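Q: Following this line is input_26.cif, made up of mmCIF, N, CA and C atoms:
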```
data_data
#
loop_
_atom_site.label_atom_id
_atom_site.label_comp_id
_atom_site.auth_asym_id
_atom_site.auth_seq_id
_atom_site.Cartn_x
_atom_site.Cartn_y
_atom_site.Cartn_z
N MET A 1318 5.95 0.81 12.55
CA MET A 1318 7.34 0.78 12.92
C MET A 1318 8.16 0.16 11.78
N LYS A 1319 9.16 0.85 11.33
CA LYS A 1319 10.02 0.36 10.25
C LYS A 1319 11.09 -0.56 10.84
N ARG A 1320 11.30 -1.70 10.16
CA ARG A 1320 12.30 -2.67 10.62
C ARG A 1320 13.00 -3.26 9.41
N GLU A 1321 14.34 -3.28 9.46
CA GLU A 1321 15.11 -3.89 8.38
C GLU A 1321 15.15 -5.40 8.60
N VAL A 1322 15.03 -6.14 7.51
CA VAL A 1322 15.11 -7.60 7.56
C VAL A 1322 16.23 -8.07 6.64
N ALA A 1323 16.56 -9.34 6.71
CA ALA A 1323 17.67 -9.90 5.93
C ALA A 1323 17.57 -9.52 4.46
N GLY A 1324 18.72 -9.25 3.86
CA GLY A 1324 18.76 -8.90 2.45
C GLY A 1324 18.60 -7.42 2.18
N GLY A 1325 18.51 -6.61 3.25
CA GLY A 1325 18.36 -5.17 3.06
C GLY A 1325 16.94 -4.72 2.79
N PHE A 1326 15.97 -5.61 2.94
CA PHE A 1326 14.56 -5.26 2.75
C PHE A 1326 14.03 -4.63 4.04
N GLU A 1327 12.87 -3.99 3.95
CA GLU A 1327 12.24 -3.39 5.12
C GLU A 1327 10.79 -3.84 5.23
N VAL A 1328 10.32 -3.98 6.45
CA VAL A 1328 8.89 -4.08 6.72
C VAL A 1328 8.52 -2.81 7.47
N ASP A 1329 7.35 -2.29 7.16
CA ASP A 1329 6.98 -0.99 7.72
C ASP A 1329 5.46 -0.91 7.83
N ASP A 1330 4.96 -0.42 8.96
CA ASP A 1330 3.52 -0.27 9.14
C ASP A 1330 3.05 1.17 8.95
N ASP A 1331 3.85 1.98 8.27
CA ASP A 1331 3.46 3.36 7.97
C ASP A 1331 2.41 3.36 6.85
N ARG A 1332 1.19 3.67 7.21
CA ARG A 1332 0.07 3.68 6.25
C ARG A 1332 0.35 4.62 5.08
N GLY A 1333 1.01 5.74 5.33
CA GLY A 1333 1.30 6.70 4.29
C GLY A 1333 2.29 6.19 3.25
N ARG A 1334 3.01 5.16 3.58
CA ARG A 1334 4.00 4.59 2.65
C ARG A 1334 3.39 3.55 1.71
N ILE A 1335 2.20 3.07 2.02
CA ILE A 1335 1.56 2.03 1.20
C ILE A 1335 1.29 2.55 -0.20
N ASP A 1336 1.71 1.79 -1.18
CA ASP A 1336 1.47 2.10 -2.59
C ASP A 1336 0.16 1.41 -2.99
N VAL A 1337 -0.94 2.13 -2.87
CA VAL A 1337 -2.25 1.54 -3.13
C VAL A 1337 -2.35 1.02 -4.56
N ASP A 1338 -1.73 1.70 -5.51
CA ASP A 1338 -1.75 1.21 -6.90
C ASP A 1338 -1.07 -0.15 -7.01
N ALA A 1339 0.05 -0.34 -6.31
CA ALA A 1339 0.75 -1.63 -6.35
C ALA A 1339 -0.09 -2.72 -5.69
N VAL A 1340 -0.70 -2.39 -4.57
CA VAL A 1340 -1.56 -3.37 -3.88
C VAL A 1340 -2.74 -3.73 -4.78
N HIS A 1341 -3.37 -2.72 -5.33
CA HIS A 1341 -4.52 -2.99 -6.20
C HIS A 1341 -4.12 -3.84 -7.40
N ASP A 1342 -2.99 -3.53 -8.03
CA ASP A 1342 -2.55 -4.32 -9.18
C ASP A 1342 -2.40 -5.78 -8.82
N PHE A 1343 -1.71 -6.05 -7.71
CA PHE A 1343 -1.50 -7.45 -7.35
C PHE A 1343 -2.82 -8.13 -6.99
N VAL A 1344 -3.55 -7.53 -6.07
CA VAL A 1344 -4.78 -8.17 -5.58
C VAL A 1344 -5.80 -8.34 -6.70
N SER A 1345 -6.01 -7.32 -7.50
CA SER A 1345 -7.02 -7.36 -8.55
C SER A 1345 -6.63 -8.22 -9.75
N ASN A 1346 -5.34 -8.21 -10.10
CA ASN A 1346 -4.91 -8.87 -11.33
C ASN A 1346 -4.16 -10.19 -11.14
N HIS A 1347 -3.68 -10.47 -9.92
CA HIS A 1347 -2.83 -11.65 -9.74
C HIS A 1347 -3.23 -12.54 -8.58
N SER A 1348 -4.16 -12.11 -7.74
CA SER A 1348 -4.56 -12.94 -6.60
C SER A 1348 -5.71 -13.87 -6.98
N TYR A 1349 -5.84 -14.96 -6.24
CA TYR A 1349 -6.98 -15.86 -6.43
C TYR A 1349 -8.16 -15.42 -5.57
N TRP A 1350 -7.93 -14.60 -4.58
CA TRP A 1350 -8.99 -14.28 -3.61
C TRP A 1350 -9.81 -13.04 -3.96
N ALA A 1351 -9.32 -12.15 -4.80
CA ALA A 1351 -10.09 -10.94 -5.10
C ALA A 1351 -9.87 -10.46 -6.53
N PRO A 1352 -9.97 -11.35 -7.51
CA PRO A 1352 -9.75 -10.91 -8.89
C PRO A 1352 -10.79 -9.85 -9.28
N GLY A 1353 -10.31 -8.82 -9.93
CA GLY A 1353 -11.22 -7.78 -10.39
C GLY A 1353 -11.66 -6.78 -9.33
N ARG A 1354 -11.06 -6.83 -8.14
CA ARG A 1354 -11.46 -5.88 -7.10
C ARG A 1354 -11.25 -4.46 -7.62
N PRO A 1355 -12.26 -3.61 -7.51
CA PRO A 1355 -12.12 -2.23 -7.99
C PRO A 1355 -11.08 -1.44 -7.17
N ARG A 1356 -10.41 -0.53 -7.82
CA ARG A 1356 -9.37 0.24 -7.16
C ARG A 1356 -9.92 1.06 -5.99
N ASP A 1357 -11.10 1.67 -6.17
CA ASP A 1357 -11.65 2.47 -5.07
C ASP A 1357 -11.97 1.62 -3.85
N GLU A 1358 -12.36 0.38 -4.09
CA GLU A 1358 -12.60 -0.53 -2.97
C GLU A 1358 -11.29 -0.87 -2.27
N GLN A 1359 -10.24 -1.14 -3.04
CA GLN A 1359 -8.94 -1.44 -2.44
C GLN A 1359 -8.42 -0.26 -1.63
N GLU A 1360 -8.59 0.93 -2.17
CA GLU A 1360 -8.16 2.13 -1.45
C GLU A 1360 -8.91 2.25 -0.12
N ARG A 1361 -10.19 2.01 -0.13
CA ARG A 1361 -10.99 2.08 1.10
C ARG A 1361 -10.54 1.02 2.10
N LEU A 1362 -10.26 -0.20 1.62
CA LEU A 1362 -9.82 -1.28 2.50
C LEU A 1362 -8.49 -0.94 3.18
N VAL A 1363 -7.60 -0.32 2.44
CA VAL A 1363 -6.32 0.10 3.03
C VAL A 1363 -6.57 1.22 4.04
N ARG A 1364 -7.35 2.19 3.67
CA ARG A 1364 -7.62 3.35 4.52
C ARG A 1364 -8.32 2.95 5.82
N GLU A 1365 -9.26 2.02 5.75
CA GLU A 1365 -10.06 1.68 6.92
C GLU A 1365 -9.53 0.50 7.73
N ALA A 1366 -8.46 -0.13 7.26
CA ALA A 1366 -7.86 -1.23 8.03
C ALA A 1366 -7.31 -0.70 9.35
N GLN A 1367 -7.36 -1.51 10.38
CA GLN A 1367 -6.77 -1.10 11.65
C GLN A 1367 -5.24 -1.03 11.55
N ARG A 1368 -4.68 -1.90 10.71
CA ARG A 1368 -3.22 -1.90 10.54
C ARG A 1368 -2.88 -2.40 9.15
N VAL A 1369 -1.89 -1.80 8.54
CA VAL A 1369 -1.35 -2.26 7.26
C VAL A 1369 0.16 -2.37 7.42
N VAL A 1370 0.74 -3.35 6.73
CA VAL A 1370 2.19 -3.54 6.75
C VAL A 1370 2.63 -3.77 5.31
N GLY A 1371 3.68 -3.09 4.92
CA GLY A 1371 4.27 -3.28 3.61
C GLY A 1371 5.66 -3.86 3.73
N VAL A 1372 6.10 -4.52 2.66
CA VAL A 1372 7.48 -4.98 2.54
C VAL A 1372 8.08 -4.19 1.38
N TYR A 1373 9.31 -3.69 1.57
CA TYR A 1373 9.91 -2.78 0.60
C TYR A 1373 11.32 -3.20 0.22
N ASP A 1374 11.58 -3.04 -1.07
CA ASP A 1374 12.92 -3.15 -1.63
C ASP A 1374 13.28 -1.74 -2.05
N GLY A 1375 13.95 -1.02 -1.17
CA GLY A 1375 14.17 0.42 -1.39
C GLY A 1375 12.83 1.13 -1.34
N ASP A 1376 12.50 1.83 -2.41
CA ASP A 1376 11.23 2.55 -2.48
C ASP A 1376 10.10 1.71 -3.06
N ARG A 1377 10.43 0.53 -3.59
CA ARG A 1377 9.42 -0.31 -4.25
C ARG A 1377 8.72 -1.21 -3.23
N GLN A 1378 7.39 -1.14 -3.20
CA GLN A 1378 6.62 -2.03 -2.34
C GLN A 1378 6.52 -3.39 -3.02
N ILE A 1379 6.92 -4.44 -2.30
CA ILE A 1379 6.95 -5.79 -2.87
C ILE A 1379 6.08 -6.78 -2.10
N GLY A 1380 5.44 -6.31 -1.04
CA GLY A 1380 4.55 -7.17 -0.26
C GLY A 1380 3.60 -6.32 0.56
N PHE A 1381 2.57 -6.98 1.08
CA PHE A 1381 1.52 -6.24 1.78
C PHE A 1381 0.69 -7.20 2.64
N ALA A 1382 0.14 -6.66 3.71
CA ALA A 1382 -0.88 -7.34 4.52
C ALA A 1382 -1.71 -6.27 5.21
N ARG A 1383 -2.97 -6.60 5.46
CA ARG A 1383 -3.81 -5.68 6.22
C ARG A 1383 -4.57 -6.47 7.27
N ALA A 1384 -4.98 -5.77 8.32
CA ALA A 1384 -5.73 -6.39 9.40
C ALA A 1384 -6.92 -5.52 9.76
N VAL A 1385 -8.03 -6.18 10.05
CA VAL A 1385 -9.21 -5.52 10.59
C VAL A 1385 -9.53 -6.20 11.91
N SER A 1386 -10.01 -5.41 12.87
CA SER A 1386 -10.21 -5.95 14.21
C SER A 1386 -11.35 -5.26 14.91
N ASP A 1387 -11.96 -5.97 15.84
CA ASP A 1387 -12.93 -5.33 16.72
C ASP A 1387 -12.22 -4.66 17.89
N GLY A 1388 -10.90 -4.83 17.95
CA GLY A 1388 -10.09 -4.19 18.97
C GLY A 1388 -10.11 -4.85 20.32
N ALA A 1389 -10.97 -5.83 20.49
CA ALA A 1389 -11.09 -6.47 21.79
C ALA A 1389 -10.75 -7.96 21.78
N SER A 1390 -11.21 -8.66 20.75
CA SER A 1390 -11.02 -10.11 20.82
C SER A 1390 -10.53 -10.77 19.55
N VAL A 1391 -10.86 -10.24 18.40
CA VAL A 1391 -10.52 -10.95 17.16
C VAL A 1391 -9.98 -9.98 16.11
N THR A 1392 -9.01 -10.48 15.36
CA THR A 1392 -8.40 -9.71 14.27
C THR A 1392 -8.35 -10.60 13.04
N TYR A 1393 -8.71 -10.03 11.91
CA TYR A 1393 -8.75 -10.76 10.64
C TYR A 1393 -7.58 -10.32 9.77
N LEU A 1394 -6.80 -11.28 9.30
CA LEU A 1394 -5.66 -11.02 8.43
C LEU A 1394 -6.10 -11.20 6.98
N ALA A 1395 -5.76 -10.22 6.13
CA ALA A 1395 -6.24 -10.25 4.75
C ALA A 1395 -5.20 -9.69 3.78
N ASP A 1396 -5.40 -10.03 2.51
CA ASP A 1396 -4.62 -9.48 1.38
C ASP A 1396 -3.12 -9.64 1.57
N VAL A 1397 -2.69 -10.77 2.08
CA VAL A 1397 -1.27 -11.02 2.33
C VAL A 1397 -0.61 -11.50 1.04
N TYR A 1398 0.45 -10.82 0.64
CA TYR A 1398 1.22 -11.29 -0.52
C TYR A 1398 2.63 -10.75 -0.51
N VAL A 1399 3.51 -11.48 -1.19
CA VAL A 1399 4.84 -11.03 -1.56
C VAL A 1399 4.93 -11.29 -3.06
N LEU A 1400 5.44 -10.34 -3.81
CA LEU A 1400 5.55 -10.53 -5.26
C LEU A 1400 6.32 -11.81 -5.58
N PRO A 1401 5.89 -12.53 -6.62
CA PRO A 1401 6.51 -13.83 -6.93
C PRO A 1401 8.03 -13.79 -7.05
N GLU A 1402 8.58 -12.76 -7.66
CA GLU A 1402 10.03 -12.72 -7.85
C GLU A 1402 10.81 -12.50 -6.56
N TYR A 1403 10.12 -12.20 -5.45
CA TYR A 1403 10.77 -12.01 -4.16
C TYR A 1403 10.48 -13.15 -3.18
N ARG A 1404 9.74 -14.12 -3.59
CA ARG A 1404 9.40 -15.23 -2.69
C ARG A 1404 10.62 -16.13 -2.48
N GLY A 1405 10.58 -16.89 -1.40
CA GLY A 1405 11.67 -17.80 -1.09
C GLY A 1405 12.81 -17.15 -0.33
N ARG A 1406 12.62 -15.94 0.13
CA ARG A 1406 13.66 -15.20 0.87
C ARG A 1406 13.28 -14.95 2.32
N GLY A 1407 12.17 -15.53 2.77
CA GLY A 1407 11.71 -15.32 4.14
C GLY A 1407 10.93 -14.04 4.35
N LEU A 1408 10.60 -13.35 3.27
CA LEU A 1408 9.89 -12.07 3.41
C LEU A 1408 8.44 -12.26 3.85
N GLY A 1409 7.81 -13.34 3.42
CA GLY A 1409 6.45 -13.62 3.88
C GLY A 1409 6.42 -13.86 5.38
N VAL A 1410 7.42 -14.57 5.88
CA VAL A 1410 7.52 -14.81 7.32
C VAL A 1410 7.67 -13.48 8.05
N GLU A 1411 8.55 -12.63 7.55
CA GLU A 1411 8.77 -11.34 8.22
C GLU A 1411 7.54 -10.44 8.14
N LEU A 1412 6.83 -10.49 7.03
CA LEU A 1412 5.60 -9.71 6.88
C LEU A 1412 4.55 -10.16 7.90
N VAL A 1413 4.33 -11.46 7.98
CA VAL A 1413 3.33 -11.97 8.92
C VAL A 1413 3.79 -11.76 10.36
N ARG A 1414 5.09 -11.95 10.63
CA ARG A 1414 5.61 -11.70 11.98
C ARG A 1414 5.35 -10.25 12.41
N GLU A 1415 5.65 -9.32 11.51
CA GLU A 1415 5.43 -7.91 11.85
C GLU A 1415 3.96 -7.64 12.12
N MET A 1416 3.10 -8.19 11.28
CA MET A 1416 1.67 -7.94 11.45
C MET A 1416 1.14 -8.56 12.75
N ILE A 1417 1.48 -9.81 12.99
CA ILE A 1417 0.86 -10.55 14.09
C ILE A 1417 1.58 -10.38 15.42
N GLU A 1418 2.88 -10.55 15.42
CA GLU A 1418 3.62 -10.58 16.68
C GLU A 1418 4.12 -9.22 17.15
N ASN A 1419 4.35 -8.30 16.24
CA ASN A 1419 4.96 -7.02 16.62
C ASN A 1419 3.97 -5.87 16.68
N GLY A 1420 2.72 -6.13 16.50
CA GLY A 1420 1.75 -5.06 16.48
C GLY A 1420 0.86 -5.01 17.69
N PRO A 1421 -0.10 -4.12 17.67
CA PRO A 1421 -0.97 -3.91 18.82
C PRO A 1421 -1.98 -5.04 19.05
N TYR A 1422 -2.08 -5.98 18.13
CA TYR A 1422 -3.07 -7.05 18.27
C TYR A 1422 -2.41 -8.40 18.55
N ALA A 1423 -1.17 -8.38 19.03
CA ALA A 1423 -0.40 -9.60 19.25
C ALA A 1423 -1.10 -10.57 20.21
N ASP A 1424 -1.88 -10.05 21.13
CA ASP A 1424 -2.53 -10.92 22.11
C ASP A 1424 -3.97 -11.27 21.75
N LYS A 1425 -4.39 -10.91 20.54
CA LYS A 1425 -5.77 -11.17 20.11
C LYS A 1425 -5.86 -12.47 19.32
N ARG A 1426 -7.06 -12.95 19.14
CA ARG A 1426 -7.33 -14.10 18.30
C ARG A 1426 -7.27 -13.64 16.84
N TRP A 1427 -6.57 -14.39 16.02
CA TRP A 1427 -6.43 -14.05 14.60
C TRP A 1427 -7.15 -15.10 13.76
N ILE A 1428 -7.79 -14.66 12.71
CA ILE A 1428 -8.40 -15.57 11.75
C ILE A 1428 -8.01 -15.13 10.35
N LEU A 1429 -8.08 -16.05 9.42
CA LEU A 1429 -7.82 -15.74 8.03
C LEU A 1429 -8.44 -16.82 7.17
N HIS A 1430 -8.59 -16.50 5.92
CA HIS A 1430 -9.01 -17.46 4.91
C HIS A 1430 -7.87 -17.57 3.91
N THR A 1431 -7.46 -18.77 3.61
CA THR A 1431 -6.41 -18.96 2.62
C THR A 1431 -6.51 -20.34 2.00
N ALA A 1432 -6.13 -20.41 0.75
CA ALA A 1432 -6.10 -21.69 0.04
C ALA A 1432 -4.67 -22.21 -0.07
N ASP A 1433 -3.70 -21.44 0.41
CA ASP A 1433 -2.31 -21.85 0.33
C ASP A 1433 -1.53 -21.29 1.51
N ALA A 1434 -0.24 -21.54 1.55
CA ALA A 1434 0.67 -21.02 2.57
C ALA A 1434 0.30 -21.45 3.99
N HIS A 1435 -0.34 -22.61 4.13
CA HIS A 1435 -0.71 -23.08 5.46
C HIS A 1435 0.52 -23.25 6.36
N SER A 1436 1.64 -23.70 5.80
CA SER A 1436 2.84 -23.90 6.62
C SER A 1436 3.40 -22.57 7.12
N LEU A 1437 3.27 -21.52 6.34
CA LEU A 1437 3.70 -20.19 6.79
C LEU A 1437 2.89 -19.77 8.01
N TYR A 1438 1.59 -19.87 7.93
CA TYR A 1438 0.73 -19.43 9.02
C TYR A 1438 0.86 -20.33 10.24
N ALA A 1439 1.17 -21.61 10.04
CA ALA A 1439 1.37 -22.53 11.17
C ALA A 1439 2.53 -22.05 12.05
N LYS A 1440 3.53 -21.41 11.48
CA LYS A 1440 4.67 -20.89 12.24
C LYS A 1440 4.23 -19.85 13.26
N PHE A 1441 3.05 -19.28 13.07
CA PHE A 1441 2.55 -18.24 13.96
C PHE A 1441 1.35 -18.70 14.78
N GLY A 1442 1.18 -20.01 14.86
CA GLY A 1442 0.15 -20.57 15.72
C GLY A 1442 -1.18 -20.82 15.08
N PHE A 1443 -1.31 -20.59 13.79
CA PHE A 1443 -2.57 -20.92 13.12
C PHE A 1443 -2.65 -22.43 12.99
N GLY A 1444 -3.78 -22.97 13.38
CA GLY A 1444 -4.01 -24.40 13.24
C GLY A 1444 -4.48 -24.73 11.84
N PRO A 1445 -4.66 -26.01 11.58
CA PRO A 1445 -5.17 -26.40 10.26
C PRO A 1445 -6.58 -25.83 10.05
N PRO A 1446 -6.97 -25.69 8.79
CA PRO A 1446 -8.33 -25.19 8.53
C PRO A 1446 -9.35 -26.00 9.30
N SER A 1447 -10.34 -25.33 9.81
CA SER A 1447 -11.34 -25.95 10.68
C SER A 1447 -12.69 -26.07 10.01
N GLU A 1448 -13.41 -27.10 10.38
CA GLU A 1448 -14.78 -27.25 9.88
C GLU A 1448 -15.72 -26.27 10.56
N ARG A 1449 -15.27 -25.56 11.60
CA ARG A 1449 -16.12 -24.61 12.30
C ARG A 1449 -16.17 -23.25 11.64
N VAL A 1450 -15.29 -23.00 10.71
CA VAL A 1450 -15.31 -21.70 10.04
C VAL A 1450 -16.42 -21.70 9.00
N MET A 1451 -17.28 -20.73 9.08
CA MET A 1451 -18.34 -20.56 8.09
C MET A 1451 -18.08 -19.28 7.33
N GLU A 1452 -18.28 -19.33 6.06
CA GLU A 1452 -18.04 -18.16 5.23
C GLU A 1452 -19.20 -17.98 4.27
N ARG A 1453 -19.68 -16.77 4.17
CA ARG A 1453 -20.69 -16.44 3.17
C ARG A 1453 -19.98 -15.72 2.04
N PRO A 1454 -19.87 -16.34 0.87
CA PRO A 1454 -19.18 -15.69 -0.25
C PRO A 1454 -19.89 -14.41 -0.66
N ARG A 1455 -19.12 -13.54 -1.29
CA ARG A 1455 -19.73 -12.32 -1.84
C ARG A 1455 -20.76 -12.71 -2.88
N ARG A 1456 -21.84 -11.99 -2.92
CA ARG A 1456 -22.88 -12.25 -3.91
C ARG A 1456 -22.37 -11.94 -5.30
N GLY A 1457 -22.71 -12.80 -6.25
CA GLY A 1457 -22.35 -12.57 -7.63
C GLY A 1457 -20.91 -12.91 -7.97
N VAL A 1458 -20.17 -13.51 -7.04
CA VAL A 1458 -18.77 -13.87 -7.30
C VAL A 1458 -18.66 -15.38 -7.23
N ASN A 1459 -18.16 -15.96 -8.28
CA ASN A 1459 -17.95 -17.40 -8.30
C ASN A 1459 -16.61 -17.72 -7.67
N PRO A 1460 -16.54 -18.76 -6.80
CA PRO A 1460 -15.28 -19.10 -6.15
C PRO A 1460 -14.27 -19.62 -7.15
#
```
Just give me the structure as structure tokens.
A:
Amino acid sequence: MKREVAGGFEVDDDRGRIDVDAVHDFVSNHSYWAPGRPRDEQERLVREAQRVVGVYDGDRQIGFARAVSDGASVTYLADVYVLPEYRGRGLGVELVREMIENGPYADKRWILHTADAHSLYAKFGFGPPSERVMERPRRGVNP
């Protein structure tokens, strides 16, 4: 569902509108969580996600988030970003709001891994990082 937000920007969950090249560039070259991710892997992650949401300045994609879910109880939020030059305008809040509160998984349990933006996620009910979360890192990747 396309929705206009302050400043004339849009959030949209139309999978066909996602610019996979833009997502891959940011995630692979500028993120701390998936440096070097291959483009074909990013394309598959977008294609197989249960939901994707983009943030747009006209035709330019400036933000992204994807979710994977078992459809019954838990949904995982991943690859969330807004380009640095667009931060500080509330677009991250609108991106996460669209993904979590306005989508089909609004009543599900959400989890995520993040090293930053804890205050953003707290606005949507995420608690502080827990000692109960266990993560097995990808093999051959140094944190």
Q: Find, counting all atoms listed in the file, the residue in A:Val1340, A:Ile1417, A:Ala1384, A:Ala1389 that gets nearest to Arg1368 of chain A.
A: A:Ala1384
Q: Report the distance between atom CA of Ile1379 of chain A and atom CA of Glu1411 of chain A in Å, rounded to one decimal place.
A: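 Separation between atom CA of Ile1379 of chain A and atom CA of Glu1411 of chain A: 12.5 Å.
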Q: Restricting the calculation to only C-alpha atoms, which member of A:Leu1362, A:Val1410, A:Ala1351, A:Met1416 is positioned closest to Asp1331 of chain A?
A: A:Met1416
Q: Have a look at atom CA of Asp1424 of chain A and atom CA of His1341 of chain A and let me know their distance in Å, one decimal.
A: 29.5 Å
Q: Using DSSP on the backbone coordinates, identify the residues of chain A assigned to strand (DSSP E); present them as a PyMOL selection string.
A: chain A and resi 1320-1322+1326-1329+1368-1374+1377-1386+1391-1399+1426-1428
Q: Please expand the PyMOL selection byres (((chain A and resi 1385-1388 and name CA) around 10) and name CA) into the concrete residues it hits in this file, giving the result as a CSV table (one decimal) with N, CA and C atoms, keeping the file's coordinate frame.
A:
```
chain,number,residue,atom,x,y,z
A,1362,LEU,N,-10.3,-0.2,1.6
A,1362,LEU,CA,-9.8,-1.3,2.5
A,1362,LEU,C,-8.5,-0.9,3.2
A,1363,VAL,N,-7.6,-0.3,2.4
A,1363,VAL,CA,-6.3,0.1,3.0
A,1363,VAL,C,-6.6,1.2,4.0
A,1365,GLU,N,-9.3,2.0,5.8
A,1365,GLU,CA,-10.1,1.7,6.9
A,1365,GLU,C,-9.5,0.5,7.7
A,1366,ALA,N,-8.5,-0.1,7.3
A,1366,ALA,CA,-7.9,-1.2,8.0
A,1366,ALA,C,-7.3,-0.7,9.4
A,1367,GLN,N,-7.4,-1.5,10.4
A,1367,GLN,CA,-6.8,-1.1,11.6
A,1367,GLN,C,-5.2,-1.0,11.6
A,1368,ARG,N,-4.7,-1.9,10.7
A,1368,ARG,CA,-3.2,-1.9,10.5
A,1368,ARG,C,-2.9,-2.4,9.2
A,1369,VAL,N,-1.9,-1.8,8.5
A,1369,VAL,CA,-1.4,-2.3,7.3
A,1369,VAL,C,0.2,-2.4,7.4
A,1383,ARG,N,-3.0,-6.6,5.5
A,1383,ARG,CA,-3.8,-5.7,6.2
A,1383,ARG,C,-4.6,-6.5,7.3
A,1384,ALA,N,-5.0,-5.8,8.3
A,1384,ALA,CA,-5.7,-6.4,9.4
A,1384,ALA,C,-6.9,-5.5,9.8
A,1389,ALA,N,-11.0,-5.8,20.5
A,1389,ALA,CA,-11.1,-6.5,21.8
A,1389,ALA,C,-10.8,-8.0,21.8
A,1390,SER,N,-11.2,-8.7,20.8
A,1390,SER,CA,-11.0,-10.1,20.8
A,1390,SER,C,-10.5,-10.8,19.6
A,1391,VAL,N,-10.9,-10.2,18.4
A,1391,VAL,CA,-10.5,-11.0,17.2
A,1391,VAL,C,-10.0,-10.0,16.1
A,1392,THR,N,-9.0,-10.5,15.4
A,1392,THR,CA,-8.4,-9.7,14.3
A,1392,THR,C,-8.4,-10.6,13.0
A,1393,TYR,N,-8.7,-10.0,11.9
A,1393,TYR,CA,-8.8,-10.8,10.6
A,1393,TYR,C,-7.6,-10.3,9.8
A,1394,LEU,N,-6.8,-11.3,9.3
A,1394,LEU,CA,-5.7,-11.0,8.4
A,1394,LEU,C,-6.1,-11.2,7.0
A,1395,ALA,N,-5.8,-10.2,6.1
A,1395,ALA,CA,-6.2,-10.2,4.8
A,1395,ALA,C,-5.2,-9.7,3.8
A,1421,PRO,N,-0.1,-4.1,17.7
A,1421,PRO,CA,-1.0,-3.9,18.8
A,1421,PRO,C,-2.0,-5.0,19.0
A,1422,TYR,N,-2.1,-6.0,18.1
A,1422,TYR,CA,-3.1,-7.0,18.3
A,1422,TYR,C,-2.4,-8.4,18.6
A,1425,LYS,N,-4.4,-10.9,20.5
A,1425,LYS,CA,-5.8,-11.2,20.1
A,1425,LYS,C,-5.9,-12.5,19.3
A,1426,ARG,N,-7.1,-13.0,19.1
A,1426,ARG,CA,-7.3,-14.1,18.3
A,1426,ARG,C,-7.3,-13.6,16.8
A,1427,TRP,N,-6.6,-14.4,16.0
A,1427,TRP,CA,-6.4,-14.0,14.6
A,1427,TRP,C,-7.2,-15.1,13.8
```
Q: In Å to one decimal, how far is atom N of Ala1382 of chain A from atom C of Gly1444 of chain A?
A: 20.3 Å
Q: Evaluate the PyMOL selection byres (((chain A and resi 1334 and name CA) around 12) and name CA) and record the selected residues as a list of chain:residue names, following the chain and residue labels used in the document.
A: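 On this input, the PyMOL selection byres (((chain A and resi 1334 and name CA) around 12) and name CA) captures A:Met1318, A:Lys1319, A:Glu1327, A:Val1328, A:Asp1329, A:Asp1330, A:Asp1331, A:Arg1332, A:Gly1333, A:Ile1335, A:Asp1336, A:Val1337, A:Asp1338, A:Ala1339, A:Val1340, A:Val1363, A:Arg1364, A:Val1369, A:Val1370, A:Gly1371, A:Val1372, A:Tyr1373, A:Gly1375, A:Asp1376, A:Arg1377, A:Gln1378, A:Phe1381.
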Q: Between A:Glu1402, A:Phe1441, A:Ile1428, A:Pro1446, single out the one closest to Arg1414 of chain A, counting all atoms listed in the file.
A: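 Of all the options, A:Phe1441 lies closest to Arg1414 of chain A.
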Q: Taking every listed atom of segment 1352-1363 of chain A and adding 8 Å to each side, what centre and edge lengths in Å (one decimal) does the axis-aligned box have, as JSON?
A:
```
{"center_x": -9.5, "center_y": -4.4, "center_z": -3.2, "size_x": 22.3, "size_y": 29.8, "size_z": 30.4}
```
Q: Looking at A:Leu1429, A:Val1450, A:Val1413, A:Leu1408, which one is nearest to Phe1326 of chain A, with distances taken over only C-alpha atoms?
A: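 Once distances to Phe1326 of chain A are computed over only C-alpha atoms, the minimum belongs to A:Leu1408.
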